[in-house]
file query_4.pdb (PDB, C-alpha atoms)
ATOM      1  CA  MET A1077       0.186  25.563  -6.067
ATOM      2  CA  LYS A1078      -2.415  22.986  -7.008
ATOM      3  CA  ILE A1079      -2.966  19.715  -5.163
ATOM      4  CA  GLY A1080      -4.868  16.705  -6.512
ATOM      5  CA  VAL A1081      -6.600  13.975  -4.519
ATOM      6  CA  VAL A1082      -7.467  10.807  -6.415
ATOM      7  CA  THR A1083     -10.789   9.201  -5.544
ATOM      8  CA  PHE A1084     -11.112   5.468  -6.187
ATOM      9  CA  PRO A1085     -14.339   3.544  -5.633
ATOM     10  CA  GLY A1086     -14.094   2.801  -1.912
ATOM     11  CA  SER A1087     -11.743   5.652  -0.975
ATOM     12  CA  ASN A1088     -12.883   7.142   2.318
ATOM     13  CA  CYS A1089     -10.116   9.528   3.330
ATOM     14  CA  ASP A1090     -10.253  11.581   0.163
ATOM     15  CA  TYR A1091     -12.100  14.401   1.867
ATOM     16  CA  ASP A1092      -9.656  14.358   4.799
ATOM     17  CA  CYS A1093      -6.767  14.825   2.346
ATOM     18  CA  TYR A1094      -8.681  17.448   0.408
ATOM     19  CA  LYS A1095      -9.503  19.397   3.556
ATOM     20  CA  ALA A1096      -5.954  19.141   4.928
ATOM     21  CA  ALA A1097      -4.442  20.341   1.650
ATOM     22  CA  ARG A1098      -6.945  23.155   1.268
ATOM     23  CA  GLU A1099      -6.997  24.378   4.854
ATOM     24  CA  VAL A1100      -3.436  23.738   6.008
ATOM     25  CA  LEU A1101      -1.814  24.879   2.777
ATOM     26  CA  GLU A1102      -4.582  27.159   1.571
ATOM     27  CA  ALA A1103      -3.827  25.555  -1.768
ATOM     28  CA  GLU A1104      -6.184  25.085  -4.657
ATOM     29  CA  THR A1105      -7.206  21.440  -4.285
ATOM     30  CA  VAL A1106      -9.076  19.278  -6.763
ATOM     31  CA  TYR A1107     -10.494  15.780  -6.794
ATOM     32  CA  LEU A1108      -9.335  13.467  -9.558
ATOM     33  CA  TRP A1109     -11.473  10.522 -10.595
ATOM     34  CA  HIS A1110      -9.915   7.061 -10.918
ATOM     35  CA  GLY A1111     -11.603   6.459 -14.275
ATOM     36  CA  ASP A1112     -10.260   9.639 -15.887
ATOM     37  CA  HIS A1113      -6.952  10.240 -17.607
ATOM     38  CA  ASP A1114      -6.594  13.853 -16.499
ATOM     39  CA  LEU A1115      -4.450  15.148 -13.632
ATOM     40  CA  LYS A1116      -5.782  18.694 -14.187
ATOM     41  CA  GLY A1117      -2.318  20.227 -14.057
ATOM     42  CA  VAL A1118      -1.693  19.531 -10.336
ATOM     43  CA  ASP A1119       1.716  20.021  -8.698
ATOM     44  CA  ALA A1120       1.355  17.174  -6.214
ATOM     45  CA  LEU A1121      -0.887  14.148  -5.852
ATOM     46  CA  PHE A1122      -2.427  12.320  -2.908
ATOM     47  CA  LEU A1123      -3.686   8.750  -3.095
ATOM     48  CA  PRO A1124      -5.939   8.610  -0.040
ATOM     49  CA  GLY A1125      -6.894   5.910   2.426
ATOM     50  CA  GLY A1126      -9.922   3.693   2.204
ATOM     51  CA  PHE A1127     -10.903   0.315   0.866
ATOM     52  CA  SER A1128     -10.677   0.714  -2.886
ATOM     53  CA  TYR A1129     -12.602  -2.032  -4.666
ATOM     54  CA  GLY A1130     -13.467  -3.514  -1.283
ATOM     55  CA  ASP A1131      -9.854  -4.695  -0.855
ATOM     56  CA  TYR A1132     -10.794  -7.545  -3.203
ATOM     57  CA  LEU A1133      -7.966  -9.881  -4.241
ATOM     58  CA  ARG A1134      -5.331  -7.880  -2.297
ATOM     59  CA  ALA A1135      -5.629  -4.406  -0.799
ATOM     60  CA  GLY A1136      -4.848  -1.886  -3.550
ATOM     61  CA  SER A1137      -4.387  -4.439  -6.310
ATOM     62  CA  ILE A1138      -7.377  -3.519  -8.464
ATOM     63  CA  ALA A1139      -6.995   0.226  -7.908
ATOM     64  CA  SER A1140      -3.361   0.008  -9.025
ATOM     65  CA  LEU A1141      -4.717  -0.830 -12.494
ATOM     66  CA  SER A1142      -7.206   2.066 -12.615
ATOM     67  CA  PRO A1143      -7.093   4.205 -15.773
ATOM     68  CA  ILE A1144      -5.705   7.234 -13.928
ATOM     69  CA  MET A1145      -2.745   5.213 -12.612
ATOM     70  CA  ASN A1146      -1.122   5.479 -16.064
ATOM     71  CA  GLU A1147      -1.027   9.242 -15.604
ATOM     72  CA  VAL A1148       0.013   8.957 -11.943
ATOM     73  CA  ARG A1149       2.943   6.762 -12.960
ATOM     74  CA  ALA A1150       4.009   9.144 -15.754
ATOM     75  CA  PHE A1151       3.687  12.090 -13.350
ATOM     76  CA  ALA A1152       5.951  10.356 -10.814
ATOM     77  CA  ASP A1153       8.417   9.273 -13.507
ATOM     78  CA  ALA A1154       8.736  12.934 -14.467
ATOM     79  CA  GLY A1155       9.562  13.829 -10.861
ATOM     80  CA  GLY A1156       6.064  14.811  -9.690
ATOM     81  CA  LEU A1157       5.327  14.457  -5.967
ATOM     82  CA  VAL A1158       3.029  11.582  -5.036
ATOM     83  CA  VAL A1159       1.905  10.731  -1.494
ATOM     84  CA  GLY A1160       0.058   7.481  -0.815
ATOM     85  CA  ILE A1161      -1.535   7.187   2.605
ATOM     86  CA  CYS A1162      -2.797   3.866   3.987
ATOM     87  CA  ASN A1163      -4.715   2.340   1.060
ATOM     88  CA  GLY A1164      -2.778   4.809  -1.120
ATOM     89  CA  PHE A1165       0.479   3.216   0.132
ATOM     90  CA  GLN A1166      -0.905  -0.230  -0.691
ATOM     91  CA  ILE A1167      -1.843   0.978  -4.179
ATOM     92  CA  LEU A1168       1.662   2.389  -4.797
ATOM     93  CA  CYS A1169       3.266  -0.918  -3.760
ATOM     94  CA  GLU A1170       0.863  -2.909  -5.921
ATOM     95  CA  ALA A1171       1.617  -0.561  -8.823
ATOM     96  CA  GLY A1172       5.331  -1.256  -8.372
ATOM     97  CA  MET A1173       6.001   2.433  -7.711
ATOM     98  CA  LEU A1174       7.346   1.579  -4.246
ATOM     99  CA  PRO A1175       9.185  -1.598  -3.238
ATOM    100  CA  GLY A1176       7.708  -4.276  -0.997
ATOM    101  CA  ALA A1177       4.159  -5.154  -0.057
ATOM    102  CA  LEU A1178       1.635  -4.716   2.735
ATOM    103  CA  ILE A1179       0.086  -7.834   4.190
ATOM    104  CA  ARG A1180      -2.342  -8.695   6.986
ATOM    105  CA  ASN A1181      -1.444  -7.263  10.402
ATOM    106  CA  ARG A1182       0.384  -9.834  12.482
ATOM    107  CA  SER A1183      -2.417  -9.658  15.064
ATOM    108  CA  LEU A1184      -4.989 -10.405  12.339
ATOM    109  CA  LYS A1185      -6.974  -7.488  13.794
ATOM    110  CA  PHE A1186      -7.905  -4.197  12.246
ATOM    111  CA  SER A1187      -5.957  -1.647  14.243
ATOM    112  CA  SER A1188      -7.347   1.846  14.783
ATOM    113  CA  LYS A1189      -5.433   3.983  17.269
ATOM    114  CA  VAL A1190      -2.905   6.753  17.676
ATOM    115  CA  VAL A1191       0.696   5.606  17.301
ATOM    116  CA  HIS A1192       4.085   7.250  17.655
ATOM    117  CA  LEU A1193       6.318   7.719  14.642
ATOM    118  CA  ARG A1194       9.991   8.527  14.638
ATOM    119  CA  VAL A1195      11.097  10.825  11.820
ATOM    120  CA  GLN A1196      14.121   9.092  10.300
ATOM    121  CA  GLN A1197      15.127  11.892   7.994
ATOM    122  CA  SER A1198      14.527  15.581   7.697
ATOM    123  CA  VAL A1199      14.620  16.016   3.953
ATOM    124  CA  ALA A1200      12.749  17.654   1.104
ATOM    125  CA  PRO A1201      10.228  17.172  -0.232
ATOM    126  CA  PHE A1202       8.243  15.415   2.497
ATOM    127  CA  THR A1203       9.822  15.841   5.933
ATOM    128  CA  SER A1204      11.956  18.998   5.880
ATOM    129  CA  ALA A1205       9.638  20.657   8.437
ATOM    130  CA  TYR A1206      10.476  17.966  11.003
ATOM    131  CA  GLU A1207      13.674  17.226  12.850
ATOM    132  CA  VAL A1208      15.478  13.906  12.713
ATOM    133  CA  GLY A1209      14.406  11.858  15.708
ATOM    134  CA  GLN A1210      11.275  13.920  16.269
ATOM    135  CA  VAL A1211       8.400  11.806  17.561
ATOM    136  CA  LEU A1212       4.986  12.370  15.968
ATOM    137  CA  ARG A1213       1.572  11.287  17.213
ATOM    138  CA  VAL A1214      -0.449  10.162  14.207
ATOM    139  CA  PRO A1215      -3.407   7.769  13.918
ATOM    140  CA  ILE A1216      -3.433   4.473  12.070
ATOM    141  CA  ALA A1217      -6.512   2.587  10.877
ATOM    142  CA  HIS A1218      -5.746  -0.525   8.880
ATOM    143  CA  GLY A1219      -6.005  -4.308   8.722
ATOM    144  CA  GLU A1220      -3.287  -4.815   6.117
ATOM    145  CA  GLY A1221      -0.403  -2.628   7.196
ATOM    146  CA  CYS A1222       2.396  -5.091   7.802
ATOM    147  CA  TYR A1223       5.166  -3.901   5.511
ATOM    148  CA  ILE A1224       7.416  -6.611   4.143
ATOM    149  CA  ALA A1225      10.076  -6.975   1.465
ATOM    150  CA  PRO A1226      12.975  -9.361   0.909
ATOM    151  CA  ASP A1227      15.915  -8.648   3.246
ATOM    152  CA  GLU A1228      18.174  -7.484   0.389
ATOM    153  CA  GLU A1229      15.496  -5.028  -0.667
ATOM    154  CA  LEU A1230      15.114  -3.732   2.890
ATOM    155  CA  ASP A1231      18.898  -3.300   3.165
ATOM    156  CA  LEU A1232      18.931  -1.372  -0.107
ATOM    157  CA  LEU A1233      16.005   0.766   1.032
ATOM    158  CA  GLU A1234      17.810   1.637   4.268
ATOM    159  CA  ALA A1235      21.099   2.291   2.463
ATOM    160  CA  GLU A1236      19.363   4.700   0.077
ATOM    161  CA  GLY A1237      17.694   6.510   2.949
ATOM    162  CA  GLY A1238      14.301   5.268   1.858
ATOM    163  CA  VAL A1239      12.900   4.686   5.351
ATOM    164  CA  ILE A1240      11.216   7.918   6.420
ATOM    165  CA  PHE A1241       9.085   6.927   9.419
ATOM    166  CA  ARG A1242       9.324   4.089  11.954
ATOM    167  CA  TYR A1243       6.852   3.055  14.631
ATOM    168  CA  CYS A1244       8.316   3.897  18.016
ATOM    169  CA  GLU A1245       7.607   4.421  21.707
ATOM    170  CA  ALA A1246       6.566   7.852  22.987
ATOM    171  CA  ASP A1247      10.227   8.530  23.785
ATOM    172  CA  GLY A1248      11.398   7.562  20.292
ATOM    173  CA  ARG A1249      12.767   4.100  21.086
ATOM    174  CA  ILE A1250      12.175   1.603  18.284
ATOM    175  CA  THR A1251      10.734  -1.466  20.002
ATOM    176  CA  GLU A1252       8.746  -4.512  19.003
ATOM    177  CA  ALA A1253       5.990  -3.441  21.395
ATOM    178  CA  ALA A1254       5.593  -0.170  19.507
ATOM    179  CA  ASN A1255       5.092  -1.982  16.217
ATOM    180  CA  PRO A1256       1.309  -2.092  15.674
ATOM    181  CA  ASN A1257       1.206  -4.481  12.725
ATOM    182  CA  GLY A1258       4.400  -6.520  12.536
ATOM    183  CA  SER A1259       6.074  -4.395   9.857
ATOM    184  CA  ALA A1260       9.665  -5.324   9.033
ATOM    185  CA  ARG A1261      12.095  -3.135  10.986
ATOM    186  CA  ASN A1262       9.152  -1.076  12.338
ATOM    187  CA  ILE A1263       8.802   0.615   8.964
ATOM    188  CA  ALA A1264       5.806   2.951   8.777
ATOM    189  CA  GLY A1265       6.669   5.050   5.736
ATOM    190  CA  ILE A1266       9.079   4.872   2.807
ATOM    191  CA  ILE A1267      10.111   6.859  -0.248
ATOM    192  CA  ASN A1268      11.300   5.639  -3.640
ATOM    193  CA  SER A1269      14.857   5.997  -4.906
ATOM    194  CA  GLY A1270      13.804   9.086  -6.884
ATOM    195  CA  ARG A1271      12.719  10.586  -3.533
ATOM    196  CA  ASN A1272       9.479  11.951  -4.976
ATOM    197  CA  VAL A1273       7.046   9.160  -4.066
ATOM    198  CA  LEU A1274       6.083   8.610  -0.416
ATOM    199  CA  GLY A1275       3.982   5.807   0.993
ATOM    200  CA  MET A1276       2.913   5.564   4.642
ATOM    201  CA  MET A1277       0.322   3.625   6.618
ATOM    202  CA  PRO A1278      -0.368   6.288   9.317
ATOM    203  CA  HIS A1279      -2.699   9.170   8.498
ATOM    204  CA  PRO A1280      -1.026  12.606   8.683
ATOM    205  CA  GLU A1281      -4.159  14.167   7.182
ATOM    206  CA  ARG A1282      -6.032  13.131  10.333
ATOM    207  CA  ALA A1283      -3.548  14.962  12.527
ATOM    208  CA  VAL A1284      -3.839  18.545  11.332
ATOM    209  CA  ASP A1285      -6.120  20.120  13.927
ATOM    210  CA  GLU A1286      -6.199  20.225  17.754
ATOM    211  CA  LEU A1287      -9.793  19.033  17.481
ATOM    212  CA  LEU A1288      -8.480  15.793  15.985
ATOM    213  CA  GLY A1289      -6.112  15.263  18.915
ATOM    214  CA  SER A1290      -2.853  16.018  17.128
ATOM    215  CA  VAL A1291      -1.349  18.546  14.770
ATOM    216  CA  ASP A1292       1.764  16.506  14.084
ATOM    217  CA  GLY A1293       0.722  15.721  10.512
ATOM    218  CA  ILE A1294       0.888  19.361   9.476
ATOM    219  CA  GLY A1295       4.660  19.213   8.982
ATOM    220  CA  LEU A1296       4.279  16.830   6.080
ATOM    221  CA  PHE A1297       1.959  19.187   4.232
ATOM    222  CA  ARG A1298       4.201  22.167   5.059
ATOM    223  CA  SER A1299       7.299  20.331   3.824
ATOM    224  CA  LEU A1300       5.600  19.513   0.566
ATOM    225  CA  ALA A1301       4.401  23.088   0.077
ATOM    226  CA  GLU A1302       7.829  24.507   0.886
ATOM    227  CA  HIS A1303       9.373  22.265  -1.723
ATOM    228  CA  LEU A1304       6.799  23.221  -4.362
ATOM    229  CA  VAL A1305       7.282  26.923  -3.724
ATOM    230  CA  ALA A1306      11.074  26.547  -3.827
ATOM    231  CA  SER A1307      11.096  24.458  -6.989
ATOM    232  CA  PRO A1308       7.812  24.812  -8.878
ATOM    233  CA  SER A1309       7.165  22.000 -11.342
ATOM    234  CA  SER A1310       7.152  22.634 -15.051
ATOM    235  CA  SER A1311       3.481  21.677 -15.256
TER     236      SER A1311
ATOM    237  CA  MET B 157     -11.808 -24.576 -27.055
ATOM    238  CA  ALA B 158     -13.254 -24.110 -23.623
ATOM    239  CA  TYR B 159     -10.930 -24.610 -20.689
ATOM    240  CA  GLN B 160     -11.235 -24.324 -16.993
ATOM    241  CA  VAL B 161      -8.272 -22.710 -15.334
ATOM    242  CA  GLU B 162      -7.626 -23.136 -11.649
ATOM    243  CA  ILE B 163      -5.042 -20.948 -10.020
ATOM    244  CA  ARG B 164      -3.891 -21.566  -6.464
ATOM    245  CA  VAL B 165      -2.238 -18.642  -4.743
ATOM    246  CA  VAL B 166      -0.486 -19.229  -1.421
ATOM    247  CA  PRO B 167       1.687 -17.080   0.835
ATOM    248  CA  ARG B 168       5.334 -17.502  -0.124
ATOM    249  CA  GLN B 169       7.341 -19.917   2.027
ATOM    250  CA  GLY B 170       8.967 -18.157   4.930
ATOM    251  CA  ILE B 171       6.682 -15.150   4.793
ATOM    252  CA  LEU B 172       4.696 -14.361   7.880
ATOM    253  CA  ASP B 173       1.263 -15.975   7.479
ATOM    254  CA  PRO B 174      -0.770 -14.950  10.526
ATOM    255  CA  GLN B 175      -3.940 -16.369   9.021
ATOM    256  CA  GLY B 176      -2.311 -19.783   8.632
ATOM    257  CA  LYS B 177      -0.982 -19.562  12.199
ATOM    258  CA  ALA B 178      -4.470 -18.765  13.550
ATOM    259  CA  VAL B 179      -6.011 -21.730  11.725
ATOM    260  CA  GLU B 180      -3.149 -23.970  12.908
ATOM    261  CA  GLY B 181      -3.879 -22.944  16.501
ATOM    262  CA  ALA B 182      -7.604 -23.538  16.090
ATOM    263  CA  LEU B 183      -7.102 -27.014  14.609
ATOM    264  CA  THR B 184      -4.799 -27.953  17.457
ATOM    265  CA  ASN B 185      -7.321 -26.629  19.982
ATOM    266  CA  LEU B 186      -9.956 -28.860  18.388
ATOM    267  CA  GLY B 187      -7.760 -31.830  19.234
ATOM    268  CA  PHE B 188      -6.492 -32.711  15.755
ATOM    269  CA  ALA B 189      -3.201 -34.487  16.249
ATOM    270  CA  GLY B 190      -0.200 -34.043  14.005
ATOM    271  CA  VAL B 191      -1.124 -30.647  12.586
ATOM    272  CA  GLY B 192       2.026 -28.956  11.324
ATOM    273  CA  GLU B 193       2.294 -25.700   9.464
ATOM    274  CA  VAL B 194      -0.922 -24.375   7.930
ATOM    275  CA  HIS B 195      -1.098 -21.901   5.082
ATOM    276  CA  VAL B 196      -4.228 -20.182   3.841
ATOM    277  CA  GLY B 197      -4.371 -19.022   0.248
ATOM    278  CA  ARG B 198      -7.006 -18.619  -2.417
ATOM    279  CA  LEU B 199      -8.342 -20.538  -5.367
ATOM    280  CA  ILE B 200      -9.293 -18.659  -8.518
ATOM    281  CA  ARG B 201     -11.341 -20.514 -11.134
ATOM    282  CA  ILE B 202     -11.619 -19.022 -14.609
ATOM    283  CA  ASP B 203     -13.576 -20.245 -17.602
ATOM    284  CA  LEU B 204     -11.298 -19.454 -20.494
ATOM    285  CA  ASP B 205     -11.691 -19.742 -24.231
ATOM    286  CA  ALA B 206      -8.376 -20.410 -25.978
ATOM    287  CA  ALA B 207      -7.024 -22.057 -29.121
ATOM    288  CA  SER B 208      -5.007 -24.677 -27.251
ATOM    289  CA  ILE B 209      -4.149 -25.826 -23.765
ATOM    290  CA  GLU B 210      -0.702 -24.234 -24.128
ATOM    291  CA  GLU B 211      -2.248 -20.876 -24.982
ATOM    292  CA  ALA B 212      -4.618 -21.182 -22.018
ATOM    293  CA  GLN B 213      -1.684 -21.891 -19.710
ATOM    294  CA  GLU B 214       0.365 -19.036 -21.063
ATOM    295  CA  ARG B 215      -2.487 -16.588 -20.613
ATOM    296  CA  ALA B 216      -3.179 -17.834 -17.097
ATOM    297  CA  HIS B 217       0.471 -17.326 -16.103
ATOM    298  CA  LYS B 218       0.356 -13.829 -17.553
ATOM    299  CA  MET B 219      -2.778 -13.094 -15.506
ATOM    300  CA  CYS B 220      -0.947 -14.243 -12.378
ATOM    301  CA  ARG B 221       2.069 -12.056 -13.066
ATOM    302  CA  GLN B 222      -0.007  -8.969 -13.839
ATOM    303  CA  LEU B 223      -2.748  -9.247 -11.236
ATOM    304  CA  LEU B 224      -3.681 -12.476  -9.530
ATOM    305  CA  ALA B 225      -0.541 -13.017  -7.433
ATOM    306  CA  ASN B 226       1.801 -10.560  -5.774
ATOM    307  CA  PRO B 227       5.371 -11.591  -6.648
ATOM    308  CA  VAL B 228       6.674 -10.150  -3.360
ATOM    309  CA  THR B 229       4.475 -12.192  -1.067
ATOM    310  CA  GLU B 230       2.824 -15.027  -2.932
ATOM    311  CA  ASP B 231       3.506 -18.169  -4.971
ATOM    312  CA  TYR B 232       1.041 -19.610  -7.431
ATOM    313  CA  ASP B 233       0.433 -22.613  -9.592
ATOM    314  CA  VAL B 234      -1.791 -23.025 -12.595
ATOM    315  CA  GLN B 235      -3.858 -26.015 -13.625
ATOM    316  CA  VAL B 236      -5.769 -26.093 -16.908
ATOM    317  CA  ILE B 237      -8.364 -28.699 -17.773
ATOM    318  CA  GLU B 238     -10.356 -29.067 -20.948
ATOM    319  CA  GLN B 239     -14.051 -28.500 -20.447
ATOM    320  CA  ALA B 240     -16.234 -31.430 -21.429
ATOM    321  CA  GLU B 241     -18.790 -30.607 -24.130
ATOM    322  CA  THR B 242     -22.111 -30.139 -22.414
ATOM    323  CA  ALA B 243     -24.970 -32.185 -23.812
ATOM    324  CA  PRO B 244     -27.552 -30.094 -25.679
TER     325      PRO B 244
END
call {"tool": "encode", "arguments": {"input": "query_4.pdb", "output": "structure tokens"}}
result
Amino acid sequence: MKIGVVTFPGSNCDYDCYKAAREVLEAETVYLWHGDHDLKGVDALFLPGGFSYGDYLRAGSIASLSPIMNEVRAFADAGGLVVGICNGFQILCEAGMLPGALIRNRSLKFSSKVVHLRVQQSVAPFTSAYEVGQVLRVPIAHGEGCYIAPDEELDLLEAEGGVIFRYCEADGRITEAANPNGSARNIAGIINSGRNVLGMMPHPERAVDELLGSVDGIGLFRSLAEHLVASPSSS
Amino acid sequence: MAYQVEIRVVPRQGILDPQGKAVEGALTNLGFAGVGEVHVGRLIRIDLDAASIEEAQERAHKMCRQLLANPVTEDYDVQVIEQAETAP
């Protein structure tokens, strides 16, 4: 199993992803450079958090046009697993690989804290290690995390089972008060219709060690690894 | 021909615009009467060399679709003006 982490200029969670993949999964993990056209034969890809290109224009917009995104798109089109976290989620939306967009938090404030997430589905390849309804404690750290899309698109997303995580209370109730950024329908993480591309604002890679205050992010990495072992990619 | 392209990008009608809301509140607090909805967008000015004004417009719209505006959240309009020849 080989995991790739893409570094864009301004990425700052690339090492967190790298370390989580390497230490939780004990997988060979490599950095991929935004300006290259080489995915180095990886089996899964992470687009990490950060402030690529200083969030200029719109968060993720410039990075979504990086040279390596051609390869990332082709990889995903061929069924490859892609996880975008925080800025990575914004990049995937800007690239049109996930529906919707992420705009300024309703509060207008950068929000950095631990939130609760309700697992909406326990499915391969990203959440099979969790149970439906399980509540995770995972940190967020973003200023532009308000997920929006036209209502028809949100309905379609829900109908297809595309909503994977929602912001919730500690007991799992989905409330407005538990929504840290104003996201439509408390959406915190979604997958595409091909079910191989995941985008989420919270940081599972920052919740993989007791020292970090939570180990609830480990399940995501385990799910992904389980899937790769069960159905290794042709690459 | 040298043209100057101005592109105005604004949050789409009906989409949550917390920045506009904050400015609206601040203007009201300053005592400005009659302030209704406020929206904050951006202005992008591009010096563009093109064969004709139509070509300049077409290229500007293409730029908006591919990069400068997000079709999910933003509306834009394009204005192209011919640059006056600068005196030597």
call {"tool": "interface_residues", "arguments": {"input": "query_4.pdb", "of": "chain B", "to": "chain A", "cutoff": "7 Å", "atoms": "all atoms listed in the file", "output": "PDB file with C-alpha atoms, keeping the file's coordinate frame"}}
result
ATOM      1  CA  PRO B 174      -0.770 -14.950  10.526  1.00  0.00           C
ATOM      2  CA  GLN B 175      -3.940 -16.369   9.021  1.00  0.00           C
ATOM      3  CA  VAL B 228       6.674 -10.150  -3.360  1.00  0.00           C
TER       4      VAL B 228
END
call {"tool": "resolve_selection", "arguments": {"input": "query_4.pdb", "expression": "the PyMOL selection byres ((chain A and resi 1249) around 12)", "output": "PDB file with C-alpha atoms, in the frame of the given file"}}
result
ATOM      1  CA  HIS A1192       4.085   7.250  17.655  1.00  0.00           C
ATOM      2  CA  LEU A1193       6.318   7.719  14.642  1.00  0.00           C
ATOM      3  CA  ARG A1194       9.991   8.527  14.638  1.00  0.00           C
ATOM      4  CA  VAL A1195      11.097  10.825  11.820  1.00  0.00           C
ATOM      5  CA  GLN A1196      14.121   9.092  10.300  1.00  0.00           C
ATOM      6  CA  GLY A1209      14.406  11.858  15.708  1.00  0.00           C
ATOM      7  CA  GLN A1210      11.275  13.920  16.269  1.00  0.00           C
ATOM      8  CA  VAL A1211       8.400  11.806  17.561  1.00  0.00           C
ATOM      9  CA  ARG A1242       9.324   4.089  11.954  1.00  0.00           C
ATOM     10  CA  TYR A1243       6.852   3.055  14.631  1.00  0.00           C
ATOM     11  CA  CYS A1244       8.316   3.897  18.016  1.00  0.00           C
ATOM     12  CA  GLU A1245       7.607   4.421  21.707  1.00  0.00           C
ATOM     13  CA  ALA A1246       6.566   7.852  22.987  1.00  0.00           C
ATOM     14  CA  ASP A1247      10.227   8.530  23.785  1.00  0.00           C
ATOM     15  CA  GLY A1248      11.398   7.562  20.292  1.00  0.00           C
ATOM     16  CA  ILE A1250      12.175   1.603  18.284  1.00  0.00           C
ATOM     17  CA  THR A1251      10.734  -1.466  20.002  1.00  0.00           C
ATOM     18  CA  GLU A1252       8.746  -4.512  19.003  1.00  0.00           C
ATOM     19  CA  ALA A1253       5.990  -3.441  21.395  1.00  0.00           C
ATOM     20  CA  ALA A1254       5.593  -0.170  19.507  1.00  0.00           C
ATOM     21  CA  ASN A1255       5.092  -1.982  16.217  1.00  0.00           C
ATOM     22  CA  ASN A1262       9.152  -1.076  12.338  1.00  0.00           C
TER      23      ASN A1262
END
call {"tool": "resolve_selection", "arguments": {"input": "query_4.pdb", "expression": "the PyMOL selection byres ((chain A and resi 1104) around 9)", "output": "list in words"}}
result
Met1077, Lys1078, Ile1079, Gly1080, Ala1097, Arg1098, Leu1101, Glu1102, Ala1103, Thr1105 and Val1106 of chain A
call {"tool": "closest_residue", "arguments": {"input": "query_4.pdb", "among": "B:Met157, B:Leu172, B:Ala206, B:Ile163", "to": "Val234 in chain B", "atoms": "all atoms listed in the file"}}
result
B:Ile163
call {"tool": "resolve_selection", "arguments": {"input": "query_4.pdb", "expression": "the PyMOL selection byres ((chain A and resi 1108) around 8)", "output": "list in words"}}
result
Gly1080, Val1081, Val1082, Thr1083, Val1106, Tyr1107, Trp1109, His1110, Asp1112, Asp1114, Leu1115 and Lys1116 of chain A
call {"tool": "residues_near_point", "arguments": {"input": "query_4.pdb", "point": "(-0.6, -21.3, 6.0)", "cutoff": "7 Å", "atoms": "all atoms listed in the file", "output": "PDB file with C-alpha atoms, keeping the file's coordinate frame"}}
result
ATOM      1  CA  ASP B 173       1.263 -15.975   7.479  1.00  0.00           C
ATOM      2  CA  GLN B 175      -3.940 -16.369   9.021  1.00  0.00           C
ATOM      3  CA  GLY B 176      -2.311 -19.783   8.632  1.00  0.00           C
ATOM      4  CA  LYS B 177      -0.982 -19.562  12.199  1.00  0.00           C
ATOM      5  CA  GLU B 193       2.294 -25.700   9.464  1.00  0.00           C
ATOM      6  CA  VAL B 194      -0.922 -24.375   7.930  1.00  0.00           C
ATOM      7  CA  HIS B 195      -1.098 -21.901   5.082  1.00  0.00           C
ATOM      8  CA  VAL B 196      -4.228 -20.182   3.841  1.00  0.00           C
TER       9      VAL B 196
END
call {"tool": "residues_around", "arguments": {"input": "query_4.pdb", "residues": "Met1277 in chain A", "least_positions_apart": "5", "cutoff": "8 Å", "atoms": "all atoms listed in the file", "output": "list of chain:residue names"}}
result
A:Ile1161, A:Cys1162, A:Asn1163, A:Phe1165, A:Ile1216, A:His1218, A:Gly1221, A:Ala1264, A:Gly1265
call {"tool": "write_last_selection", "arguments": {"input": "query_4.pdb", "atoms": "C-alpha atoms", "output": "PDB file, in the frame of the given file"}}
result
ATOM      1  CA  ILE A1161      -1.535   7.187   2.605  1.00  0.00           C
ATOM      2  CA  CYS A1162      -2.797   3.866   3.987  1.00  0.00           C
ATOM      3  CA  ASN A1163      -4.715   2.340   1.060  1.00  0.00           C
ATOM      4  CA  PHE A1165       0.479   3.216   0.132  1.00  0.00           C
ATOM      5  CA  ILE A1216      -3.433   4.473  12.070  1.00  0.00           C
ATOM      6  CA  HIS A1218      -5.746  -0.525   8.880  1.00  0.00           C
ATOM      7  CA  GLY A1221      -0.403  -2.628   7.196  1.00  0.00           C
ATOM      8  CA  ALA A1264       5.806   2.951   8.777  1.00  0.00           C
ATOM      9  CA  GLY A1265       6.669   5.050   5.736  1.00  0.00           C
TER      10      GLY A1265
END
call {"tool": "atom_distance", "arguments": {"input": "query_4.pdb", "atom1": "CA of Ala225 in chain B", "atom2": "CA of Pro167 in chain B"}}
result
9.5 Å
call {"tool": "residues_around", "arguments": {"input": "query_4.pdb", "residues": "Ile209 in chain B", "least_positions_apart": "2", "cutoff": "8 Å", "atoms": "only C-alpha atoms", "output": "tab-separated table (two decimals) with C-alpha atoms, in the frame of the given file"}}
result
chain	number	residue	atom	x	y	z
B	159	TYR	CA	-10.93	-24.61	-20.69
B	206	ALA	CA	-8.38	-20.41	-25.98
B	207	ALA	CA	-7.02	-22.06	-29.12
B	211	GLU	CA	-2.25	-20.88	-24.98
B	212	ALA	CA	-4.62	-21.18	-22.02
B	213	GLN	CA	-1.68	-21.89	-19.71
B	236	VAL	CA	-5.77	-26.09	-16.91
B	237	ILE	CA	-8.36	-28.70	-17.77
B	238	GLU	CA	-10.36	-29.07	-20.95
call {"tool": "closest_residue", "arguments": {"input": "query_4.pdb", "among": "A:Ala1135, A:Leu1287, A:Met1145, A:Leu1232", "to": "Gln1166 in chain A", "atoms": "only C-alpha atoms"}}
result
A:Ala1135
call {"tool": "residues_around", "arguments": {"input": "query_4.pdb", "residues": "Glu162 in chain B", "least_positions_apart": "3", "cutoff": "6 Å", "atoms": "only C-alpha atoms", "output": "PyMOL selection string"}}
result
chain B and resi 200-201+234-235
call {"tool": "write_last_selection", "arguments": {"input": "query_4.pdb", "atoms": "C-alpha atoms", "output": "CSV table (one decimal), keeping the file's coordinate frame"}}
result
chain,number,residue,atom,x,y,z
B,200,ILE,CA,-9.3,-18.7,-8.5
B,201,ARG,CA,-11.3,-20.5,-11.1
B,234,VAL,CA,-1.8,-23.0,-12.6
B,235,GLN,CA,-3.9,-26.0,-13.6
